[in-house]
file final_9.tsv (TSV, C-alpha atoms)
chain	number	residue	atom	x	y	z
A	252	MET	CA	5.13	-6.32	-20.20
A	253	ILE	CA	5.24	-7.32	-16.54
A	254	TYR	CA	4.01	-4.46	-14.39
A	255	ILE	CA	4.64	-3.54	-10.75
A	256	ASN	CA	1.16	-2.93	-9.36
A	257	GLU	CA	2.28	-2.24	-5.78
A	258	PHE	CA	5.52	-2.30	-3.81
A	259	ALA	CA	6.83	-1.60	-0.32
A	260	SER	CA	10.04	-1.99	1.66
A	261	ILE	CA	11.29	-1.64	5.21
A	262	SER	CA	14.90	-1.17	6.31
A	263	ALA	CA	17.18	1.32	8.03
A	264	LEU	CA	16.24	3.64	5.17
A	265	GLY	CA	12.70	3.83	6.55
A	266	SER	CA	9.49	1.95	7.23
A	267	ASN	CA	7.11	3.88	4.97
A	268	SER	CA	7.25	5.86	1.75
A	269	ASP	CA	7.52	9.23	3.52
A	270	GLU	CA	10.58	8.19	5.55
A	271	ILE	CA	12.20	6.40	2.63
A	272	THR	CA	11.76	9.22	0.13
A	273	TYR	CA	13.01	11.77	2.70
A	274	ASN	CA	16.16	9.74	3.44
A	275	LEU	CA	16.83	9.10	-0.24
A	276	SER	CA	16.54	12.85	-0.79
A	277	HIS	CA	18.96	13.57	2.12
A	278	PRO	CA	21.50	10.77	1.62
A	279	ASN	CA	24.61	12.17	3.33
A	280	GLN	CA	23.64	11.03	6.80
A	281	ILE	CA	24.36	8.05	9.03
A	282	LEU	CA	21.32	5.77	9.24
A	283	LEU	CA	23.25	2.77	10.52
A	284	THR	CA	23.52	1.93	14.23
A	285	LYS	CA	26.74	1.08	16.08
A	286	ARG	CA	26.40	-2.10	18.18
A	287	ASN	CA	28.69	-4.50	20.05
A	288	ASP	CA	26.20	-7.22	21.04
A	289	LEU	CA	26.12	-9.22	17.80
A	290	LEU	CA	29.81	-10.01	17.42
A	291	LEU	CA	31.99	-12.24	19.57
A	292	ASN	CA	34.23	-10.50	22.09
A	293	GLN	CA	31.98	-7.41	21.99
A	294	LYS	CA	33.54	-6.15	18.78
A	295	GLU	CA	31.76	-3.14	17.28
A	296	SER	CA	30.33	-2.64	13.85
A	297	TYR	CA	27.55	-0.66	12.19
A	298	PHE	CA	24.23	-2.33	11.39
A	299	GLY	CA	21.16	-1.41	9.42
A	300	GLN	CA	18.23	-1.83	11.82
A	301	VAL	CA	14.49	-1.73	11.32
A	302	LYS	CA	13.08	0.47	14.09
A	303	ALA	CA	9.34	0.24	13.39
A	304	SER	CA	6.96	-1.71	15.62
A	305	LEU	CA	6.13	-4.96	13.85
A	306	PRO	CA	2.85	-6.90	13.88
A	307	SER	CA	2.33	-9.68	16.39
A	308	LEU	CA	2.30	-13.15	14.88
A	309	GLU	CA	0.75	-14.88	17.90
A	310	ALA	CA	-1.99	-16.22	15.62
A	311	TYR	CA	0.72	-17.93	13.53
A	312	PRO	CA	2.81	-19.74	16.17
A	313	LYS	CA	4.67	-21.96	13.69
A	314	HIS	CA	5.72	-18.91	11.66
A	315	LYS	CA	6.52	-16.48	14.49
A	316	THR	CA	9.84	-15.09	13.25
A	317	ARG	CA	11.18	-11.58	12.75
A	318	ASN	CA	11.53	-12.17	9.01
A	319	ASN	CA	7.85	-13.02	8.77
A	320	ALA	CA	6.90	-10.05	10.95
A	321	LEU	CA	8.71	-7.77	8.49
A	322	LEU	CA	6.72	-9.29	5.64
A	323	ALA	CA	3.47	-8.94	7.59
A	324	TYR	CA	4.29	-5.26	8.16
A	325	LEU	CA	4.56	-4.70	4.40
A	326	CYS	CA	1.20	-6.37	3.85
A	327	GLN	CA	-0.43	-3.23	5.28
A	328	VAL	CA	0.50	-1.57	1.98
A	329	LEU	CA	-0.15	-4.58	-0.26
A	330	LYS	CA	-3.34	-6.06	1.20
A	331	GLU	CA	-5.89	-4.02	-0.74
A	332	LYS	CA	-4.24	-4.81	-4.08
A	333	VAL	CA	-3.82	-8.49	-3.17
A	334	ASP	CA	-7.51	-8.77	-2.30
A	335	TYR	CA	-8.39	-7.09	-5.60
A	336	PHE	CA	-6.36	-9.62	-7.58
A	337	ILE	CA	-7.69	-12.60	-5.61
A	338	GLU	CA	-11.23	-11.47	-6.40
A	339	LYS	CA	-10.35	-10.91	-10.06
A	340	TYR	CA	-8.35	-14.08	-10.78
A	341	GLY	CA	-8.99	-16.41	-7.82
A	342	ASN	CA	-6.43	-17.27	-5.16
A	343	GLN	CA	-5.15	-20.28	-7.18
A	344	ARG	CA	-3.76	-17.90	-9.83
A	345	VAL	CA	-1.88	-15.69	-7.36
A	346	GLY	CA	1.61	-16.99	-6.58
A	347	ILE	CA	4.38	-16.18	-4.11
A	348	VAL	CA	8.14	-16.30	-4.69
A	349	LEU	CA	10.43	-15.00	-1.94
A	350	GLY	CA	14.17	-14.89	-1.35
A	351	THR	CA	15.94	-15.21	1.99
A	352	SER	CA	19.27	-16.33	3.39
A	353	THR	CA	18.35	-16.36	7.08
A	354	SER	CA	14.64	-17.23	7.38
A	355	GLY	CA	14.16	-18.07	11.08
A	356	LEU	CA	17.85	-18.36	11.96
A	357	SER	CA	17.72	-15.68	14.65
A	358	GLU	CA	14.97	-17.63	16.44
A	359	THR	CA	17.11	-20.77	16.13
A	360	GLU	CA	20.02	-18.94	17.76
A	361	VAL	CA	17.80	-18.10	20.74
A	362	GLU	CA	16.54	-21.68	20.93
A	363	ILE	CA	20.04	-23.19	20.88
A	364	LYS	CA	21.20	-20.89	23.69
A	365	ASN	CA	18.13	-21.79	25.73
A	366	TYR	CA	18.58	-25.51	25.12
A	367	LEU	CA	22.26	-25.45	26.11
A	368	GLN	CA	21.30	-23.76	29.38
A	369	THR	CA	18.23	-25.85	30.26
A	370	ASN	CA	18.48	-29.04	28.17
A	371	VAL	CA	14.80	-28.44	27.32
A	372	HIS	CA	13.33	-27.28	24.02
A	373	SER	CA	11.06	-24.23	24.13
A	374	GLN	CA	7.37	-24.90	23.62
A	375	ASP	CA	7.05	-22.03	21.15
A	376	PHE	CA	9.95	-23.04	18.90
A	377	TYR	CA	9.36	-25.09	15.75
A	378	PHE	CA	12.21	-26.45	13.66
A	379	SER	CA	10.29	-25.50	10.52
A	380	MET	CA	10.86	-21.83	11.38
A	381	GLN	CA	14.41	-22.07	10.08
A	382	GLU	CA	13.46	-23.62	6.73
A	383	PHE	CA	14.13	-21.33	3.78
A	384	GLY	CA	10.61	-21.90	2.48
A	385	ASP	CA	8.89	-20.78	5.68
A	386	PRO	CA	8.49	-17.06	4.76
A	387	ALA	CA	6.73	-18.02	1.51
A	388	LEU	CA	4.44	-20.48	3.29
A	389	PHE	CA	3.67	-17.89	5.96
A	390	LEU	CA	2.86	-15.15	3.45
A	391	ALA	CA	0.55	-17.47	1.51
A	392	GLN	CA	-1.36	-18.26	4.71
A	393	TYR	CA	-1.36	-14.63	5.86
A	394	LEU	CA	-2.77	-13.33	2.56
A	395	GLY	CA	-4.98	-16.29	1.65
A	396	VAL	CA	-3.03	-17.11	-1.52
A	397	LYS	CA	-3.06	-20.67	-2.88
A	398	GLY	CA	-1.09	-20.47	-6.13
A	399	VAL	CA	2.54	-21.38	-6.81
A	400	CYS	CA	4.52	-20.83	-3.61
A	401	TYR	CA	8.23	-21.27	-3.00
A	402	ALA	CA	11.41	-19.60	-1.81
A	403	ILE	CA	14.87	-19.10	-3.29
A	404	SER	CA	18.11	-18.92	-1.33
A	405	THR	CA	21.17	-17.88	-3.31
A	406	ALA	CA	22.81	-15.74	-0.64
A	407	CYS	CA	22.94	-12.04	-1.56
A	408	SER	CA	21.05	-12.43	-4.84
A	409	SER	CA	18.12	-14.34	-3.30
A	410	SER	CA	15.39	-11.73	-3.61
A	411	SER	CA	16.64	-10.58	-7.03
A	412	LYS	CA	16.36	-14.17	-8.20
A	413	ALA	CA	12.82	-14.20	-6.78
A	414	LEU	CA	11.96	-11.25	-9.03
A	415	VAL	CA	13.38	-13.08	-12.05
A	416	SER	CA	11.37	-16.21	-11.23
A	417	ALA	CA	8.17	-14.26	-10.60
A	418	LYS	CA	8.45	-12.57	-13.99
A	419	LYS	CA	8.89	-15.94	-15.70
A	420	LEU	CA	5.91	-17.49	-13.88
A	421	ILE	CA	3.64	-14.80	-15.32
A	422	GLU	CA	5.20	-14.94	-18.78
A	423	LYS	CA	4.69	-18.74	-18.88
A	424	ASP	CA	1.05	-18.32	-17.74
A	425	LEU	CA	1.61	-20.31	-14.55
A	426	CYS	CA	0.30	-17.34	-12.56
A	427	ASP	CA	-1.66	-14.20	-13.32
A	428	VAL	CA	-0.17	-12.38	-10.34
A	429	VAL	CA	2.95	-13.01	-8.24
A	430	ILE	CA	3.80	-11.45	-4.89
A	431	THR	CA	7.58	-11.45	-4.82
A	432	GLY	CA	10.53	-10.10	-2.88
A	433	GLY	CA	12.18	-11.29	0.28
A	434	ALA	CA	13.45	-10.62	3.76
A	435	ASP	CA	16.49	-11.08	5.96
A	436	THR	CA	17.06	-10.08	9.56
A	437	LEU	CA	20.11	-9.52	11.75
A	438	CYS	CA	21.52	-12.86	12.93
A	439	ALA	CA	24.70	-13.55	14.86
A	440	VAL	CA	25.74	-16.58	12.78
A	441	PRO	CA	26.14	-14.85	9.39
A	442	ILE	CA	27.45	-11.65	11.01
A	443	ASN	CA	30.24	-13.53	12.80
A	444	GLY	CA	30.79	-15.60	9.68
A	445	PHE	CA	31.50	-12.48	7.65
A	446	ASP	CA	33.73	-11.24	10.44
A	447	SER	CA	35.72	-14.48	10.38
A	448	MET	CA	36.27	-13.90	6.65
A	449	GLN	CA	37.70	-10.47	7.56
A	450	VAL	CA	35.22	-8.59	5.37
A	451	LEU	CA	33.13	-6.97	8.14
A	452	SER	CA	34.05	-3.35	8.75
A	453	SER	CA	34.18	-1.86	12.25
A	454	ASN	CA	33.48	1.50	10.60
A	455	ARG	CA	30.55	2.65	8.53
A	456	CYS	CA	31.00	1.02	5.13
A	457	ASN	CA	32.39	3.22	2.36
A	458	PRO	CA	31.80	1.60	-1.05
A	459	PHE	CA	34.28	2.58	-3.78
A	460	CYS	CA	36.42	4.60	-1.35
A	461	LYS	CA	40.21	4.35	-1.22
A	462	HIS	CA	40.39	3.00	2.34
A	463	ARG	CA	37.23	0.84	2.30
A	464	ASP	CA	37.63	-2.16	4.56
A	465	GLY	CA	34.45	-4.20	4.34
A	466	ILE	CA	30.71	-4.45	4.71
A	467	ASN	CA	28.06	-3.56	7.27
A	468	ILE	CA	25.15	-5.96	7.71
A	469	GLY	CA	21.55	-4.79	7.69
A	470	GLU	CA	18.06	-6.19	7.84
A	471	ALA	CA	15.29	-5.50	5.36
A	472	ALA	CA	12.21	-6.78	3.62
A	473	GLY	CA	10.60	-5.78	0.37
A	474	LEU	CA	7.63	-6.95	-1.68
A	475	MET	CA	6.31	-6.25	-5.15
A	476	ILE	CA	3.06	-7.34	-6.77
A	477	LEU	CA	3.67	-8.24	-10.41
A	478	SER	CA	1.09	-8.87	-13.12
A	479	LYS	CA	0.21	-8.00	-16.72
A	480	GLU	CA	-2.30	-5.41	-15.54
A	481	PRO	CA	-0.95	-2.01	-16.66
A	482	SER	CA	0.66	0.27	-14.10
A	483	SER	CA	3.09	3.18	-14.20
A	484	LEU	CA	6.04	0.98	-13.18
A	485	ALA	CA	7.28	-2.23	-14.77
A	486	LEU	CA	9.88	-4.93	-14.32
A	487	VAL	CA	11.19	-4.52	-17.85
A	488	GLY	CA	14.31	-6.66	-17.82
A	489	CYS	CA	16.13	-9.37	-15.85
A	490	GLY	CA	19.48	-11.04	-16.29
A	491	GLU	CA	21.13	-13.82	-14.32
A	492	SER	CA	24.31	-15.83	-14.53
A	493	SER	CA	26.43	-18.17	-12.45
A	494	ASP	CA	30.14	-17.98	-13.09
A	495	ALA	CA	31.06	-20.31	-10.18
A	496	TYR	CA	34.46	-18.64	-9.95
A	497	HIS	CA	34.82	-19.07	-6.17
A	498	ILE	CA	32.58	-19.89	-3.22
A	499	SER	CA	32.94	-16.41	-1.71
A	500	SER	CA	35.15	-14.21	-3.91
A	501	PRO	CA	33.96	-12.58	-7.15
A	502	ASP	CA	35.57	-13.24	-10.51
A	503	PRO	CA	38.02	-10.30	-10.71
A	504	GLU	CA	37.29	-9.89	-14.41
A	505	GLY	CA	33.54	-9.63	-13.75
A	506	LYS	CA	32.60	-11.93	-16.63
A	507	GLY	CA	29.48	-13.28	-14.92
A	508	ALA	CA	28.41	-9.80	-13.85
A	509	ILE	CA	28.83	-8.51	-17.41
A	510	LYS	CA	26.77	-11.42	-18.72
A	511	ALA	CA	23.90	-10.74	-16.28
A	512	ILE	CA	23.89	-7.01	-17.14
A	513	ASN	CA	23.82	-7.69	-20.87
A	514	MET	CA	21.06	-10.29	-20.45
A	515	ALA	CA	18.93	-7.74	-18.59
A	516	LEU	CA	19.46	-5.17	-21.36
A	517	LYS	CA	18.53	-7.73	-24.00
A	518	ASP	CA	15.46	-8.88	-22.06
A	519	ALA	CA	14.31	-5.25	-21.80
A	520	ASN	CA	15.19	-4.54	-25.45
A	521	LEU	CA	17.30	-1.60	-24.28
A	522	SER	CA	20.75	-0.27	-25.05
A	523	PRO	CA	23.29	0.82	-22.43
A	524	HIS	CA	22.54	4.52	-23.11
A	525	ASP	CA	18.86	3.91	-22.21
A	526	ILE	CA	19.76	3.28	-18.56
A	527	GLY	CA	19.55	6.38	-16.38
A	528	TYR	CA	21.08	5.04	-13.15
A	529	ILE	CA	22.71	1.91	-11.76
A	530	ASN	CA	22.27	0.94	-8.12
A	531	MET	CA	25.53	-0.93	-7.69
A	532	HIS	CA	25.94	-4.02	-5.54
A	533	GLY	CA	28.76	-1.98	-3.97
A	534	THR	CA	29.40	-3.79	-0.71
A	535	GLY	CA	32.51	-1.86	0.33
A	536	THR	CA	34.93	-4.79	0.10
A	537	LYS	CA	38.12	-4.43	-1.90
A	538	LEU	CA	37.37	-7.30	-4.28
A	539	ASN	CA	33.66	-6.70	-4.94
A	540	ASP	CA	33.95	-3.00	-5.71
A	541	ALA	CA	36.95	-3.55	-7.99
A	542	MET	CA	35.11	-6.26	-9.91
A	543	GLU	CA	31.87	-4.32	-10.25
A	544	SER	CA	33.53	-1.10	-11.40
A	545	LYS	CA	35.30	-3.13	-14.08
A	546	ALA	CA	32.07	-4.87	-15.16
A	547	VAL	CA	30.01	-1.67	-15.32
A	548	ASN	CA	32.79	0.14	-17.16
A	549	ALA	CA	32.94	-2.70	-19.71
A	550	VAL	CA	29.25	-2.28	-20.59
A	551	PHE	CA	28.54	1.40	-19.94
A	552	GLY	CA	31.90	3.13	-19.73
A	553	ASN	CA	31.40	6.08	-17.38
A	554	SER	CA	28.28	7.39	-19.12
A	555	VAL	CA	25.62	6.14	-16.68
A	556	PRO	CA	25.28	7.63	-13.16
A	557	SER	CA	25.86	5.00	-10.49
A	558	SER	CA	26.16	4.56	-6.74
A	559	SER	CA	25.74	2.01	-3.97
A	560	THR	CA	23.12	2.75	-1.30
A	561	LYS	CA	24.50	0.20	1.16
A	562	TYR	CA	26.06	2.97	3.25
A	563	LEU	CA	22.45	3.94	4.07
A	564	THR	CA	20.97	0.46	4.61
A	565	GLY	CA	23.81	-1.93	5.28
A	566	HIS	CA	24.16	-5.05	3.18
A	567	THR	CA	20.82	-6.77	3.74
A	568	LEU	CA	22.02	-10.10	2.30
A	569	GLY	CA	19.11	-12.05	0.79
A	570	GLY	CA	16.94	-8.93	1.10
A	571	ALA	CA	19.35	-6.66	-0.78
A	572	GLY	CA	18.03	-7.32	-4.29
A	573	ILE	CA	14.39	-6.49	-3.52
A	574	LEU	CA	15.31	-3.56	-1.26
A	575	GLU	CA	17.44	-1.95	-3.95
A	576	SER	CA	14.84	-2.70	-6.64
A	577	CYS	CA	12.28	-0.95	-4.44
A	578	ILE	CA	14.68	2.00	-4.14
A	579	LEU	CA	14.57	2.29	-7.93
A	580	ALA	CA	10.76	2.15	-7.79
A	581	TYR	CA	10.65	4.94	-5.18
A	582	ILE	CA	12.95	7.09	-7.32
A	583	LEU	CA	10.73	6.62	-10.37
A	584	LYS	CA	7.36	6.89	-8.62
A	585	TYR	CA	8.23	10.02	-6.63
A	586	ASP	CA	10.61	11.53	-9.23
A	587	LEU	CA	13.50	11.70	-6.75
A	588	ASN	CA	17.03	12.78	-7.54
A	589	LEU	CA	19.57	9.99	-7.86
A	590	PRO	CA	21.39	9.16	-4.60
A	591	PRO	CA	25.11	10.01	-4.75
A	592	GLN	CA	27.98	7.96	-3.39
A	593	ASP	CA	29.14	9.36	-0.07
A	594	PHE	CA	32.79	10.42	-0.22
A	595	SER	CA	32.61	12.69	2.84
A	596	PHE	CA	34.41	10.13	5.05
A	597	ASP	CA	37.01	9.04	2.52
A	598	GLU	CA	38.14	9.89	-0.99
A	599	ILE	CA	37.21	7.90	-4.08
A	600	ASP	CA	39.50	5.02	-4.99
A	601	ASP	CA	41.13	6.37	-8.14
A	602	THR	CA	42.59	2.95	-8.97
A	603	LEU	CA	39.10	1.70	-9.89
A	604	LEU	CA	37.89	1.93	-13.47
A	605	ASP	CA	35.58	4.91	-13.95
A	606	CYS	CA	31.99	3.63	-13.72
A	607	GLY	CA	30.09	6.91	-13.43
A	608	LEU	CA	29.99	7.17	-9.65
A	609	LEU	CA	27.87	10.10	-8.53
A	610	LYS	CA	29.54	12.63	-6.25
A	611	GLU	CA	26.41	14.74	-5.89
A	612	SER	CA	22.68	14.26	-6.24
A	613	VAL	CA	21.34	14.80	-9.76
A	614	GLY	CA	18.06	14.26	-11.57
A	615	ARG	CA	17.55	11.18	-13.73
A	616	LYS	CA	17.58	11.56	-17.50
A	617	THR	CA	15.79	8.36	-18.56
A	618	ASN	CA	12.93	6.22	-17.27
A	619	TYR	CA	14.97	3.01	-16.91
A	620	LEU	CA	17.04	2.20	-13.83
A	621	MET	CA	19.17	-0.86	-13.06
A	622	SER	CA	20.06	-2.74	-9.87
A	623	ASN	CA	22.88	-5.28	-9.58
A	624	SER	CA	23.22	-8.08	-7.02
A	625	PHE	CA	26.22	-10.41	-6.90
A	626	ALA	CA	26.30	-13.37	-4.51
A	627	PHE	CA	28.54	-16.12	-3.21
A	628	GLY	CA	29.38	-18.76	-5.79
A	629	GLY	CA	29.28	-16.20	-8.59
A	630	ASN	CA	25.49	-16.00	-8.59
A	631	ASN	CA	24.76	-12.77	-10.42
A	632	THR	CA	21.56	-10.86	-11.19
A	633	SER	CA	20.71	-7.60	-12.86
A	634	ILE	CA	17.25	-6.02	-12.69
A	635	ILE	CA	15.81	-3.13	-14.76
A	636	ILE	CA	12.82	-1.18	-13.45
A	637	GLY	CA	11.07	1.26	-15.78
A	638	LYS	CA	8.52	4.04	-15.66
A	639	VAL	CA	6.03	3.47	-18.46
A	640	ASP	CA	2.81	4.91	-19.82
A	641	GLU	CA	-0.22	3.17	-18.31
call {"tool": "encode", "arguments": {"input": "final_9.tsv", "output": "structure tokens"}}
result
Amino acid sequence: MIYINEFASISALGSNSDEITYNLSHPNQILLTKRNDLLLNQKESYFGQVKASLPSLEAYPKHKTRNNALLAYLCQVLKEKVDYFIEKYGNQRVGIVLGTSTSGLSETEVEIKNYLQTNVHSQDFYFSMQEFGDPALFLAQYLGVKGVCYAISTACSSSSKALVSAKKLIEKDLCDVVITGGADTLCAVPINGFDSMQVLSSNRCNPFCKHRDGINIGEAAGLMILSKEPSSLALVGCGESSDAYHISSPDPEGKGAIKAINMALKDANLSPHDIGYINMHGTGTKLNDAMESKAVNAVFGNSVPSSSTKYLTGHTLGGAGILESCILAYILKYDLNLPPQDFSFDEIDDTLLDCGLLKESVGRKTNYLMSNSFAFGGNNTSIIIGKVDE
């Protein structure tokens, strides 16, 4: 069994456990912020913003990015447990696997604008900031970890894939402990890219609603410490697949999604009826929601409560998998009711296959919860978090 010894997240949902558990318990509210400064031509959309004050990274000039500041913020929660494991196993046996799709891209955007205006590169900008591996290298330096260290970038499944990899590193005895998760921040390039694909909504996103018209982008970071040392929470199952149906559109039949879900169930040695809740990928686009409702219905019918929490956080891209896995951990740790889908702005799309979408908050009936993440290129992951006896 691979246990979750500590976890933390930061997003529009909150920056500490008190804020996060409160907002999960009062879900029918607007936590996203309307802005017009990130899109060309001052177009408006809603964004999931982190509002907490973040640590200064002046002591780490080559890693001074917002993504890394988010990770450093979470280390306030993790540091004591990390130090405990370093003392117990040695820093060579503690690894880091992170997922991101933006890394230091927002800092690169600032640098390019500055260079075009002045023809001079900024003294405090380093090209290595934009490398996908930089957050992992930063976190290793920040925490004093010297074990396996790398990053994964598979678009919106990046941090879910990091969880899968971290679990395997421990199972194969390559690490005793792995700090895993990921981070993504608001950047103009991907935001305008999604807008050019006509999948960015100017309204607050409404997953699984009849008139849904696209996604909102958010920023987030999340971290988990995994090991074989018993804890009350565990990463009990992981599934992953790559259907390669299309570079940006999901397979409408959901074959890859179904495969990832079934792999996670098999890895956890669980049956569909053992799952008490599914945090859907649920982006709010026509194609994704139709595919996912079909995939979930194929495995579970309508027997398992489900919802997407992206109307609370925005779609946090490479950070979505770890954020939504942390949401499952908060629900289990603090015995929260399951978050419903918000249909107060629009009615449910009754053309979708019934996949158990929650219309009101209810208590969970089992100790095993699932999170799905589906990315560009048909890169699919499914994660099962469980509450277990220590």
call {"tool": "closest_residue", "arguments": {"input": "final_9.tsv", "among": "A:Ala495, A:Leu587, A:Leu437, A:Cys407", "to": "Thr534 (chain A)", "atoms": "only C-alpha atoms"}}
result
A:Cys407
call {"tool": "closest_residue", "arguments": {"input": "final_9.tsv", "among": "A:Thr369, A:Asn520, A:Ser576, A:Ser409", "to": "Ile634 (chain A)", "atoms": "only C-alpha atoms"}}
result
A:Ser576
call {"tool": "closest_residue", "arguments": {"input": "final_9.tsv", "among": "A:Ser544, A:Cys460, A:Ser453, A:Ser276", "to": "Gln293 (chain A)", "atoms": "only C-alpha atoms"}}
result
A:Ser453
call {"tool": "closest_residue", "arguments": {"input": "final_9.tsv", "among": "A:Glu382, A:Asp601, A:Glu295, A:Asp494", "to": "Thr351 (chain A)", "atoms": "all atoms listed in the file"}}
result
A:Glu382
call {"tool": "residues_around", "arguments": {"input": "final_9.tsv", "residues": "Ile573 (chain A)", "least_positions_apart": "2", "cutoff": "7 Å", "atoms": "all atoms listed in the file", "output": "NGL selection string"}}
result
:A and (410-411 or 432-433 or 473 or 570-571 or 575-577)
call {"tool": "closest_residue", "arguments": {"input": "final_9.tsv", "among": "A:Asp334, A:Asp435, A:Glu543, A:Glu598", "to": "Ala472 (chain A)", "atoms": "all atoms listed in the file"}}
result
A:Asp435
call {"tool": "atom_distance", "arguments": {"input": "final_9.tsv", "atom1": "CA of His462 (chain A)", "atom2": "CA of Phe594 (chain A)"}}
result
10.9 Å
call {"tool": "closest_residue", "arguments": {"input": "final_9.tsv", "among": "A:Met475, A:Ala580, A:Met514, A:Val639", "to": "Ser492 (chain A)", "atoms": "only C-alpha atoms"}}
result
A:Met514
call {"tool": "residues_around", "arguments": {"input": "final_9.tsv", "residues": "Pro481 (chain A)", "least_positions_apart": "4", "cutoff": "10 Å", "atoms": "all atoms listed in the file", "output": "list in words"}}
result
Met252, Ile253, Tyr254, Ile255, Asn256, Leu477, Ala485, Val639, Asp640 and Glu641 of chain A
call {"tool": "residues_around", "arguments": {"input": "final_9.tsv", "residues": "Thr316 (chain A)", "least_positions_apart": "4", "cutoff": "10 Å", "atoms": "only C-alpha atoms", "output": "PDB file with C-alpha atoms, in the coordinates of the input"}}
result
ATOM      1  CA  SER A 307       2.330  -9.680  16.390  1.00  0.00           C
ATOM      2  CA  LEU A 308       2.300 -13.150  14.880  1.00  0.00           C
ATOM      3  CA  TYR A 311       0.720 -17.930  13.530  1.00  0.00           C
ATOM      4  CA  PRO A 312       2.810 -19.740  16.170  1.00  0.00           C
ATOM      5  CA  ALA A 320       6.900 -10.050  10.950  1.00  0.00           C
ATOM      6  CA  LEU A 321       8.710  -7.770   8.490  1.00  0.00           C
ATOM      7  CA  SER A 354      14.640 -17.230   7.380  1.00  0.00           C
ATOM      8  CA  GLY A 355      14.160 -18.070  11.080  1.00  0.00           C
ATOM      9  CA  LEU A 356      17.850 -18.360  11.960  1.00  0.00           C
ATOM     10  CA  SER A 357      17.720 -15.680  14.650  1.00  0.00           C
ATOM     11  CA  GLU A 358      14.970 -17.630  16.440  1.00  0.00           C
ATOM     12  CA  THR A 359      17.110 -20.770  16.130  1.00  0.00           C
ATOM     13  CA  PHE A 376       9.950 -23.040  18.900  1.00  0.00           C
ATOM     14  CA  MET A 380      10.860 -21.830  11.380  1.00  0.00           C
ATOM     15  CA  GLN A 381      14.410 -22.070  10.080  1.00  0.00           C
ATOM     16  CA  ASP A 385       8.890 -20.780   5.680  1.00  0.00           C
ATOM     17  CA  PRO A 386       8.490 -17.060   4.760  1.00  0.00           C
ATOM     18  CA  PHE A 389       3.670 -17.890   5.960  1.00  0.00           C
ATOM     19  CA  THR A 436      17.060 -10.080   9.560  1.00  0.00           C
TER      20      THR A 436
END
call {"tool": "residues_around", "arguments": {"input": "final_9.tsv", "residues": "Asn548 (chain A)", "least_positions_apart": "3", "cutoff": "8 Å", "atoms": "only C-alpha atoms", "output": "compact mmCIF listing (two decimals) with C-alpha atoms, in the coordinates of the input"}}
result
# COMPACT_ATOMS: atom_id res chain seq x y z
CA SER A 544 33.53 -1.10 -11.40
CA LYS A 545 35.30 -3.13 -14.08
CA PHE A 551 28.54 1.40 -19.94
CA GLY A 552 31.90 3.13 -19.73
CA ASN A 553 31.40 6.08 -17.38
CA LEU A 604 37.89 1.93 -13.47
CA ASP A 605 35.58 4.91 -13.95
CA CYS A 606 31.99 3.63 -13.72
call {"tool": "axis_aligned_box", "arguments": {"input": "final_9.tsv", "around": "region 610-619 of chain A", "padding_each_side": "3 Å", "output": "lines of an AutoDock Vina configuration file"}}
result
center_x = 21.2
center_y = 8.9
center_z = -12.2
size_x = 22.6
size_y = 17.8
size_z = 18.7
call {"tool": "residues_around", "arguments": {"input": "final_9.tsv", "residues": "region 555-558 of chain A", "least_positions_apart": "4", "cutoff": "12 Å", "atoms": "all atoms listed in the file", "output": "number ranges by chain"}}
result
A: 278, 457-460, 522-535, 540, 543-544, 547-551, 562-563, 575, 579, 588-594, 599, 605-617, 619-623
call {"tool": "atom_distance", "arguments": {"input": "final_9.tsv", "atom1": "CA of Val328 (chain A)", "atom2": "CA of Glu257 (chain A)"}}
result
8.0 Å
call {"tool": "atom_distance", "arguments": {"input": "final_9.tsv", "atom1": "CA of Ser262 (chain A)", "atom2": "CA of Met448 (chain A)"}}
result
24.9 Å
call {"tool": "decode", "arguments": {"input": "final_9.tsv", "residues": "region 299-321 of chain A", "atoms": "C-alpha atoms", "output": "PDB file, in the first residue's frame"}}
result
ATOM      1  CA  GLY A 299      -9.276  30.864 -10.959  1.00  0.00           C
ATOM      2  CA  GLN A 300      -6.756  33.000  -9.069  1.00  0.00           C
ATOM      3  CA  VAL A 301      -4.570  32.325  -6.068  1.00  0.00           C
ATOM      4  CA  LYS A 302      -4.951  35.306  -3.740  1.00  0.00           C
ATOM      5  CA  ALA A 303      -2.544  34.376  -0.940  1.00  0.00           C
ATOM      6  CA  SER A 304       0.775  36.155  -0.426  1.00  0.00           C
ATOM      7  CA  LEU A 305       3.516  33.872  -1.715  1.00  0.00           C
ATOM      8  CA  PRO A 306       7.060  33.424  -0.382  1.00  0.00           C
ATOM      9  CA  SER A 307       9.890  35.453  -1.851  1.00  0.00           C
ATOM     10  CA  LEU A 308      12.340  33.436  -3.918  1.00  0.00           C
ATOM     11  CA  GLU A 309      15.086  36.072  -3.956  1.00  0.00           C
ATOM     12  CA  ALA A 310      17.483  33.461  -2.538  1.00  0.00           C
ATOM     13  CA  TYR A 311      16.777  31.292  -5.610  1.00  0.00           C
ATOM     14  CA  PRO A 312      17.258  33.743  -8.509  1.00  0.00           C
ATOM     15  CA  LYS A 313      17.415  31.061 -11.213  1.00  0.00           C
ATOM     16  CA  HIS A 314      14.114  29.575 -10.022  1.00  0.00           C
ATOM     17  CA  LYS A 315      12.181  32.774  -9.262  1.00  0.00           C
ATOM     18  CA  THR A 316       8.855  31.948 -10.915  1.00  0.00           C
ATOM     19  CA  ARG A 317       5.260  32.059  -9.735  1.00  0.00           C
ATOM     20  CA  ASN A 318       4.921  28.298 -10.180  1.00  0.00           C
ATOM     21  CA  ASN A 319       7.837  27.734  -7.840  1.00  0.00           C
ATOM     22  CA  ALA A 320       6.482  30.278  -5.353  1.00  0.00           C
ATOM     23  CA  LEU A 321       3.235  28.297  -5.199  1.00  0.00           C
TER      24      LEU A 321
END
